[in-house]
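Printed here is upload.cif (mmCIF, C-alpha atoms):
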data_final
loop_
_atom_site.label_atom_id
_atom_site.label_comp_id
_atom_site.auth_asym_id
_atom_site.auth_seq_id
_atom_site.Cartn_x
_atom_site.Cartn_y
_atom_site.Cartn_z
CA MET A 223 42.69 46.90 21.04
CA SER A 224 40.04 47.43 23.71
CA VAL A 225 37.08 45.08 23.79
CA THR A 226 34.75 48.06 23.95
CA SER A 227 36.06 49.69 20.76
CA PHE A 228 34.14 47.49 18.32
CA PRO A 229 30.82 45.58 18.25
CA LEU A 230 31.04 41.92 19.23
CA THR A 231 29.60 39.09 17.13
CA THR A 232 29.30 35.38 17.77
CA ASP A 233 31.81 34.35 15.09
CA MET A 234 34.68 36.51 16.36
CA LEU A 235 37.68 34.66 17.81
CA LEU A 236 37.89 35.09 21.57
CA ALA A 237 41.69 35.31 21.59
CA GLU A 238 41.60 38.23 19.16
CA VAL A 239 38.86 40.03 21.07
CA ILE A 240 40.70 39.96 24.42
CA ALA A 241 44.15 40.69 22.98
CA GLY A 242 45.62 43.63 24.87
CA ASP A 243 43.06 43.43 27.67
CA GLY A 244 45.04 42.15 30.63
CA GLU A 245 41.98 41.75 32.84
CA ALA A 246 39.73 39.92 30.38
CA ILE A 247 40.92 36.44 31.34
CA GLY A 248 40.13 37.15 34.98
CA ARG A 249 36.63 38.33 34.11
CA LEU A 250 36.02 35.21 32.02
CA ALA A 251 37.44 32.96 34.73
CA GLY A 252 34.75 34.34 37.01
CA LEU A 253 32.21 32.75 34.67
CA ASN A 254 34.07 29.46 34.38
CA PRO A 255 37.53 28.79 35.92
CA VAL A 256 38.49 26.69 32.90
CA PHE A 257 39.01 29.91 30.91
CA ALA A 258 42.13 30.58 32.99
CA VAL A 259 43.57 27.24 31.83
CA LEU A 260 42.49 27.65 28.21
CA LEU A 261 43.66 31.24 27.73
CA GLU A 262 46.74 31.82 29.90
CA PRO A 263 49.73 32.05 27.50
CA GLU A 264 51.92 29.68 29.51
CA HIS A 265 49.44 26.84 29.01
CA ARG A 266 49.61 27.15 25.19
CA ASN A 267 46.32 25.31 24.80
CA ALA A 268 45.81 24.38 21.16
CA MET A 269 42.07 25.03 21.28
CA ALA A 270 42.36 28.55 22.72
CA GLY A 271 42.90 30.20 19.35
CA GLN A 272 39.83 28.48 17.87
CA ILE A 273 37.22 29.51 20.44
CA ARG A 274 34.63 31.85 18.97
CA LEU A 275 32.56 34.19 21.10
CA GLY A 276 29.40 32.17 20.56
CA GLU A 277 31.24 29.07 21.73
CA ALA A 278 32.70 30.97 24.68
CA ALA A 279 29.15 31.76 25.79
CA ARG A 280 28.36 28.05 25.69
CA ILE A 281 31.44 27.26 27.75
CA ALA A 282 30.46 29.96 30.25
CA GLU A 283 26.84 28.73 30.17
CA VAL A 284 25.49 32.26 29.82
CA PRO A 285 23.57 34.06 27.03
CA PHE A 286 25.73 35.81 24.45
CA ASP A 287 24.72 39.29 25.58
CA ILE A 288 25.78 38.45 29.15
CA LEU A 289 29.17 37.24 27.90
CA CYS A 290 29.61 40.51 25.99
CA ALA A 291 28.74 42.54 29.09
CA VAL A 292 31.35 40.65 31.12
CA LEU A 293 33.98 41.02 28.40
CA GLU A 294 33.34 44.75 28.23
CA GLY A 295 33.44 45.12 32.02
CA ARG A 296 29.82 46.26 32.26
CA LEU A 297 28.86 43.24 34.36
CA SER A 298 30.73 41.02 36.82
CA ALA A 299 30.34 37.28 37.19
CA ALA A 300 29.08 37.79 40.75
CA GLU A 301 26.13 39.81 39.44
CA ILE A 302 24.88 37.05 37.15
CA GLY A 303 22.04 34.81 38.23
CA ARG A 304 22.53 31.34 36.81
CA PRO A 305 19.70 28.93 36.05
CA ASP A 306 20.13 25.27 37.00
CA THR A 307 21.12 23.59 33.74
CA SER A 308 21.99 20.23 35.30
CA GLY A 309 20.88 17.46 33.02
CA ASP A 310 20.61 19.65 29.91
CA ALA A 311 21.62 17.95 26.68
CA ASP A 312 21.59 18.53 22.96
CA PRO A 313 18.06 18.45 21.53
CA ALA A 314 18.77 15.28 19.55
CA ALA A 315 16.59 12.20 19.62
CA PRO A 316 19.17 9.37 19.73
CA ASP A 317 21.06 10.73 22.77
CA GLY A 318 20.77 7.72 25.07
CA ASP A 319 21.08 5.26 22.20
CA TRP A 320 24.45 6.69 21.13
CA PHE A 321 25.90 6.55 24.62
CA GLU A 322 24.61 3.02 25.11
CA GLN A 323 26.08 1.92 21.78
CA ALA A 324 29.44 3.44 22.68
CA GLU A 325 29.44 1.59 26.00
CA ARG A 326 28.45 -1.72 24.44
CA ARG A 327 31.24 -1.42 21.87
CA SER A 328 33.81 -0.44 24.51
CA ALA A 329 34.47 2.76 22.58
CA PRO A 330 37.43 4.94 23.68
CA HIS A 331 36.45 7.05 26.68
CA LEU A 332 38.69 9.96 27.69
CA ASP A 333 38.30 12.09 30.80
CA VAL A 334 40.20 15.32 30.09
CA ARG A 335 39.14 17.08 33.29
CA PRO A 336 42.28 16.11 35.25
CA LEU A 337 44.51 17.24 32.38
CA LEU A 338 42.84 20.64 32.15
CA ALA A 339 42.87 21.05 35.93
CA SER A 340 46.65 20.53 35.92
CA GLY A 341 47.18 23.01 33.08
CA GLN A 342 47.86 20.38 30.40
CA ASP A 343 46.45 20.51 26.90
CA PRO A 344 44.27 17.48 26.06
CA PHE A 345 43.83 18.43 22.39
CA ALA A 346 46.54 16.08 21.09
CA HIS A 347 45.19 13.15 23.08
CA VAL A 348 41.66 13.68 21.79
CA MET A 349 42.74 14.12 18.17
CA SER A 350 45.03 11.09 18.37
CA THR A 351 42.17 8.97 19.70
CA ALA A 352 39.74 10.35 17.12
CA ALA A 353 42.12 9.44 14.31
CA ARG A 354 41.78 5.77 15.30
CA VAL A 355 37.97 5.72 15.42
CA PRO A 356 36.71 3.68 12.44
CA PRO A 357 33.73 4.72 10.30
CA GLY A 358 30.58 4.08 12.30
CA GLY A 359 32.59 4.00 15.53
CA PHE A 360 32.24 6.10 18.67
CA MET A 361 34.41 8.12 21.04
CA VAL A 362 33.31 9.55 24.41
CA VAL A 363 34.97 12.47 26.20
CA ASP A 364 34.28 13.85 29.66
CA ALA A 365 35.11 17.56 29.99
CA PRO A 366 34.49 20.37 32.50
CA PHE A 367 32.46 22.31 29.89
CA ASP A 368 30.72 21.78 26.59
CA PRO A 369 33.78 21.72 24.25
CA ALA A 370 32.12 23.55 21.38
CA PRO A 371 35.36 24.35 19.48
CA LEU A 372 36.45 20.71 19.61
CA ARG A 373 33.04 19.59 18.41
CA ARG A 374 33.35 22.01 15.48
CA VAL A 375 36.86 20.79 14.60
CA LEU A 376 35.82 17.13 14.66
CA ALA A 377 32.66 17.89 12.70
CA GLY A 378 34.99 18.94 9.89
CA LYS A 379 36.54 15.48 10.05
CA GLY A 380 33.29 13.60 9.63
CA PHE A 381 32.16 13.31 13.25
CA THR A 382 28.69 14.00 14.61
CA SER A 383 28.41 14.68 18.34
CA LEU A 384 25.84 14.59 21.10
CA GLY A 385 26.36 16.09 24.54
CA ARG A 386 24.82 15.85 27.97
CA GLN A 387 25.56 17.75 31.15
CA LEU A 388 25.92 15.31 34.03
CA GLY A 389 26.41 17.95 36.68
CA ALA A 390 28.21 21.16 37.55
CA GLY A 391 31.49 21.22 35.63
CA HIS A 392 30.89 17.83 34.02
CA TRP A 393 29.89 17.37 30.38
CA ARG A 394 29.98 14.10 28.48
CA ILE A 395 30.22 14.22 24.67
CA CYS A 396 29.73 11.24 22.39
CA TRP A 397 31.19 11.46 18.89
CA ARG A 398 30.31 9.15 16.02
CA ARG A 399 32.40 9.01 12.86
CA GLU A 400 30.08 8.97 9.88
CA GLU A 401 30.56 6.56 7.01
CA PRO A 402 32.63 8.40 4.38
CA ALA A 403 31.67 8.37 0.73
CA GLY A 404 33.92 7.29 -2.11
CA LEU A 405 36.40 5.24 -0.10
CA GLU A 406 36.84 2.93 -3.06
CA ASN A 407 38.77 5.74 -4.76
CA GLU A 408 41.00 6.41 -1.78
CA ALA A 409 42.66 3.08 -1.10
CA GLN A 410 45.66 3.42 1.19
CA PRO A 411 48.61 1.04 1.48
CA SER A 412 48.27 -1.24 4.49
CA VAL A 413 51.82 -2.59 4.72
CA PRO A 414 54.90 -0.84 6.10
CA GLN A 415 57.40 0.58 3.65
CA PRO A 416 61.17 0.16 3.74
CA ARG A 417 63.01 3.17 5.11
CA ARG A 418 63.51 5.84 2.50
CA GLY A 419 65.70 8.30 4.38
CA PRO A 420 64.83 11.79 5.64
CA GLU A 421 64.20 13.44 2.25
CA PRO A 422 60.53 13.83 1.23
CA TRP A 423 59.16 12.17 -1.90
CA GLN A 424 55.96 12.44 -3.91
CA ALA A 425 53.36 9.71 -4.37
CA ALA A 426 49.76 9.51 -5.57
CA ASP A 427 48.43 10.08 -2.04
CA GLY A 428 50.61 13.13 -1.31
CA THR A 429 54.05 14.02 0.00
CA HIS A 430 55.77 11.32 2.07
CA LEU A 431 58.33 11.90 4.80
CA ASP A 432 60.20 9.13 6.64
CA VAL A 433 61.54 10.20 10.03
CA ARG A 434 62.08 6.74 11.48
CA GLY A 435 65.36 6.35 13.31
CA LEU A 436 65.85 10.09 13.83
CA GLN A 437 66.36 11.37 17.37
CA PRO A 438 64.01 13.99 18.90
CA PRO A 439 63.41 16.78 18.14
CA GLU A 440 64.56 16.18 14.55
CA PRO A 441 61.38 14.32 13.44
CA MET A 442 59.17 17.17 14.60
CA THR A 443 61.54 19.78 13.15
CA ARG A 444 61.54 18.11 9.73
CA VAL A 445 57.74 17.88 9.66
CA LEU A 446 57.25 21.51 10.67
CA ASP A 447 59.90 22.75 8.26
CA LEU A 448 58.19 20.92 5.40
CA ILE A 449 54.77 22.27 6.35
CA ASP A 450 56.06 25.81 6.85
CA ALA A 451 57.67 25.71 3.40
CA GLY A 452 54.14 25.66 1.95
CA THR A 453 54.90 23.09 -0.73
CA ALA A 454 52.69 20.29 0.60
CA GLU A 455 48.93 20.05 1.07
CA ARG A 456 48.82 16.44 2.25
CA LEU A 457 51.61 14.67 4.11
CA VAL A 458 52.04 10.96 4.86
CA LEU A 459 54.44 10.66 7.78
CA HIS A 460 56.34 7.44 8.49
CA HIS A 461 57.30 7.48 12.17
CA ASP A 462 58.58 5.18 14.91
CA ARG A 463 55.81 6.27 17.27
CA GLU A 464 52.61 8.29 17.41
CA PRO A 465 53.72 11.97 17.45
CA VAL A 466 51.21 13.25 20.04
CA PHE A 467 53.21 16.42 20.78
CA LEU A 468 53.15 17.34 17.10
CA PHE A 469 49.36 17.60 16.83
CA PRO A 470 48.89 20.91 18.72
CA MET A 471 51.58 22.54 16.57
CA LEU A 472 49.84 21.28 13.45
CA ALA A 473 46.54 22.75 14.63
CA GLU A 474 48.20 26.14 15.09
CA ARG A 475 49.34 25.96 11.46
CA GLY A 476 45.95 24.96 10.07
CA TRP A 477 46.81 21.29 9.63
CA SER A 478 45.00 18.27 11.02
CA CYS A 479 45.51 14.55 11.47
CA LEU A 480 43.34 12.40 9.19
CA THR A 481 44.45 8.88 10.10
CA VAL A 482 46.93 7.02 12.32
CA GLU A 483 47.91 3.48 11.29
CA HIS A 484 49.95 1.26 13.59
CA LEU A 485 51.79 -1.10 11.26
CA GLU A 486 54.60 -3.53 11.91
CA GLY A 487 57.76 -1.43 11.98
CA GLU A 488 56.14 1.97 11.61
CA VAL A 489 53.34 4.31 12.61
CA ARG A 490 51.88 5.95 9.51
CA VAL A 491 50.21 9.29 10.07
CA THR A 492 48.28 11.08 7.32
CA LEU A 493 48.14 14.87 7.72
CA ALA A 494 46.40 17.49 5.60
CA ARG A 495 46.11 21.23 5.40
CA GLU A 496 42.61 22.30 6.42
CA GLU A 497 40.53 24.06 3.80
CA SER A 498 40.23 27.79 4.48
#
What would the structure in this file look like if it were written as structure tokens?
Amino acid sequence: MSVTSFPLTTDMLLAEVIAGDGEAIGRLAGLNPVFAVLLEPEHRNAMAGQIRLGEAARIAEVPFDILCAVLEGRLSAAEIGRPDTSGDADPAAPDGDWFEQAERRSAPHLDVRPLLASGQDPFAHVMSTAARVPPGGFMVVDAPFDPAPLRRVLAGKGFTSLGRQLGAGHWRICWRREEPAGLENEAQPSVPQPRRGPEPWQAADGTHLDVRGLQPPEPMTRVLDLIDAGTAERLVLHHDREPVFLFPMLAERGWSCLTVEHLEGEVRVTLAREES
């Protein structure tokens, strides 16, 4: 489908809009080279399918109508005059306070710019780190653009974020996990369980699957097969290690990681299907 055959709106998915337009990625890369990394099929970036046009405009640092003109081929990146946005930040009062708190608490701080520059997908690393942030805790990420889709995904998991642009191609985002309500009704076991074998079983907190002792790629295969069967809405995975390569595949299927617990003898990962 040609980009010019239908009106563009901010909530449209970028990947769907440019599908079939072989030159669209090149036009977008003229606005910000990171689009080439995010959208090229061989990179298989987990966030690419979640970028909306309004968010793409933020990544490109241009007004929405300018983004549309570039997508439709009516305007080239070279023709766009760019204002100096260095130092811009979210219009939120506690900006400095949040970053200072995160530094004082030695909060996790990830710089995903080298990963993106080398064509790697940082989504799993960010989500894995976020899963370990306690209520009231912070996480800081340096990125080459304002990661609006990631901020939206983590907002759905109870995070609030503040961003500041430190310079050209350098954004710093601070996330804070809000205190959840009703935790007294959601107590989780805090001790490892004996091995139960590879067959799933049901418990009060969802479907459980024990893949400890299995050789790769069987743990990932069993998880994806169970999810693809459509019989589970919440999955508690008992694993030998943190399955970082599983997270992007879960995101593609509409699943997300809620918690990661490192216990003696197992890593317990709680996964859930995202609400549509």
- [ ] State, in Å with one decimal place, the distance from CA of Pro285 in chain A to CA of Lys379 in chain A.
- [x] 28.3 Å
Task: Residues near Phe286 in chain A, cut-off 10 Å, all atoms listed in the file, skip fewer than 2 positions along chain, as a list in words - done: Leu230, Thr231, Thr232, Leu275, Gly276, Glu277, Ala278, Ala279, Arg280, Ala282, Glu283, Val284, Ile288, Leu289, Cys290, Ala291 and Val292 of chain A
Open item on the list: With 7 Å as the threshold, what does the neighbourhood of (43.9, 11.5, 15.6) contain in terms of residues, counting only C-alpha atoms? Coordinates are those of the file; answer as a list in words.
Closed with: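 Final list of nearby residues, as requested, is Val348, Met349, Ser350, Thr351, Ala352, Ala353, Arg354, Cys479, Leu480, Thr481 and Val482 of chain A.
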TODO: Any chance you could resolve the PyMOL selection byres ((chain A and resi 346) around 7) against this file and give the residues as a PyMOL selection string?
DONE: chain A and resi 344-345+347-350+466-467+469-470
- [ ] Kindly resolve the PyMOL selection byres ((chain A and resi 358) around 6) on the present coordinates and return the residues as a PyMOL selection string.
- [x] chain A and resi 357+359+399-401
TODO: Find the residues around Leu372 in chain A up to 12 Å (only C-alpha atoms counted), leave out those fewer than 4 positions away in its own chain, and share them as a PyMOL selection string.
DONE: chain A and resi 268-274+277+281+344-346+348-349+352+363+365+367-368+376-379+381-383+395-397+473
Next, the residues of the selection above should be written as a tab-separated table (two decimals), in the frame of the given file with C-alpha atoms.
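Result written to again-v8.tsv:
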chain	number	residue	atom	x	y	z
A	268	ALA	CA	45.81	24.38	21.16
A	269	MET	CA	42.07	25.03	21.28
A	270	ALA	CA	42.36	28.55	22.72
A	271	GLY	CA	42.90	30.20	19.35
A	272	GLN	CA	39.83	28.48	17.87
A	273	ILE	CA	37.22	29.51	20.44
A	274	ARG	CA	34.63	31.85	18.97
A	277	GLU	CA	31.24	29.07	21.73
A	281	ILE	CA	31.44	27.26	27.75
A	344	PRO	CA	44.27	17.48	26.06
A	345	PHE	CA	43.83	18.43	22.39
A	346	ALA	CA	46.54	16.08	21.09
A	348	VAL	CA	41.66	13.68	21.79
A	349	MET	CA	42.74	14.12	18.17
A	352	ALA	CA	39.74	10.35	17.12
A	363	VAL	CA	34.97	12.47	26.20
A	365	ALA	CA	35.11	17.56	29.99
A	367	PHE	CA	32.46	22.31	29.89
A	368	ASP	CA	30.72	21.78	26.59
A	376	LEU	CA	35.82	17.13	14.66
A	377	ALA	CA	32.66	17.89	12.70
A	378	GLY	CA	34.99	18.94	9.89
A	379	LYS	CA	36.54	15.48	10.05
A	381	PHE	CA	32.16	13.31	13.25
A	382	THR	CA	28.69	14.00	14.61
A	383	SER	CA	28.41	14.68	18.34
A	395	ILE	CA	30.22	14.22	24.67
A	396	CYS	CA	29.73	11.24	22.39
A	397	TRP	CA	31.19	11.46	18.89
A	473	ALA	CA	46.54	22.75	14.63
Task: CA of Ala299 in chain A to CA of Leu253 in chain A, straight-line distance in Å - done: 5.5 Å
TODO: Could you check which of A:Gln342, A:Gln387, A:Ser298, A:Gln415 is closest to Glu486 in chain A, using only C-alpha atoms?
DONE: A:Gln415
Task: Target residues per the PyMOL selection byres ((chain A and resi 452) around 12), formatted as a ChimeraX atom specification - done: /A:429,445-451,453-457,475-477,494-495
Would you put the residues from that selection into a file with C-alpha atoms, as a PDB file, in the frame of the given file?
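Result file result-v1.pdb:
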ATOM      1  CA  THR A 429      54.050  14.020   0.000  1.00  0.00           C
ATOM      2  CA  VAL A 445      57.740  17.880   9.660  1.00  0.00           C
ATOM      3  CA  LEU A 446      57.250  21.510  10.670  1.00  0.00           C
ATOM      4  CA  ASP A 447      59.900  22.750   8.260  1.00  0.00           C
ATOM      5  CA  LEU A 448      58.190  20.920   5.400  1.00  0.00           C
ATOM      6  CA  ILE A 449      54.770  22.270   6.350  1.00  0.00           C
ATOM      7  CA  ASP A 450      56.060  25.810   6.850  1.00  0.00           C
ATOM      8  CA  ALA A 451      57.670  25.710   3.400  1.00  0.00           C
ATOM      9  CA  THR A 453      54.900  23.090  -0.730  1.00  0.00           C
ATOM     10  CA  ALA A 454      52.690  20.290   0.600  1.00  0.00           C
ATOM     11  CA  GLU A 455      48.930  20.050   1.070  1.00  0.00           C
ATOM     12  CA  ARG A 456      48.820  16.440   2.250  1.00  0.00           C
ATOM     13  CA  LEU A 457      51.610  14.670   4.110  1.00  0.00           C
ATOM     14  CA  ARG A 475      49.340  25.960  11.460  1.00  0.00           C
ATOM     15  CA  GLY A 476      45.950  24.960  10.070  1.00  0.00           C
ATOM     16  CA  TRP A 477      46.810  21.290   9.630  1.00  0.00           C
ATOM     17  CA  ALA A 494      46.400  17.490   5.600  1.00  0.00           C
ATOM     18  CA  ARG A 495      46.110  21.230   5.400  1.00  0.00           C
TER      19      ARG A 495
END
Task: Length of the CA of Pro416 in chain A to CA of His460 in chain A vector [Å] - done: 9.9 Å
- [ ] Counting all atoms listed in the file, figure out which residue out of A:Ala425, A:Leu338, A:Leu297, A:Leu384 gets nearest to Phe321 in chain A.
- [x]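 Closest to Phe321 in chain A, using all atoms listed in the file: A:Leu384.
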Open item on the list: Please determine, counting only C-alpha atoms, which residue among A:Ala246, A:Leu293, A:Leu235, A:Leu485 has the shortest atom-to-atom distance to His461 in chain A.
Closed with: A:Leu485
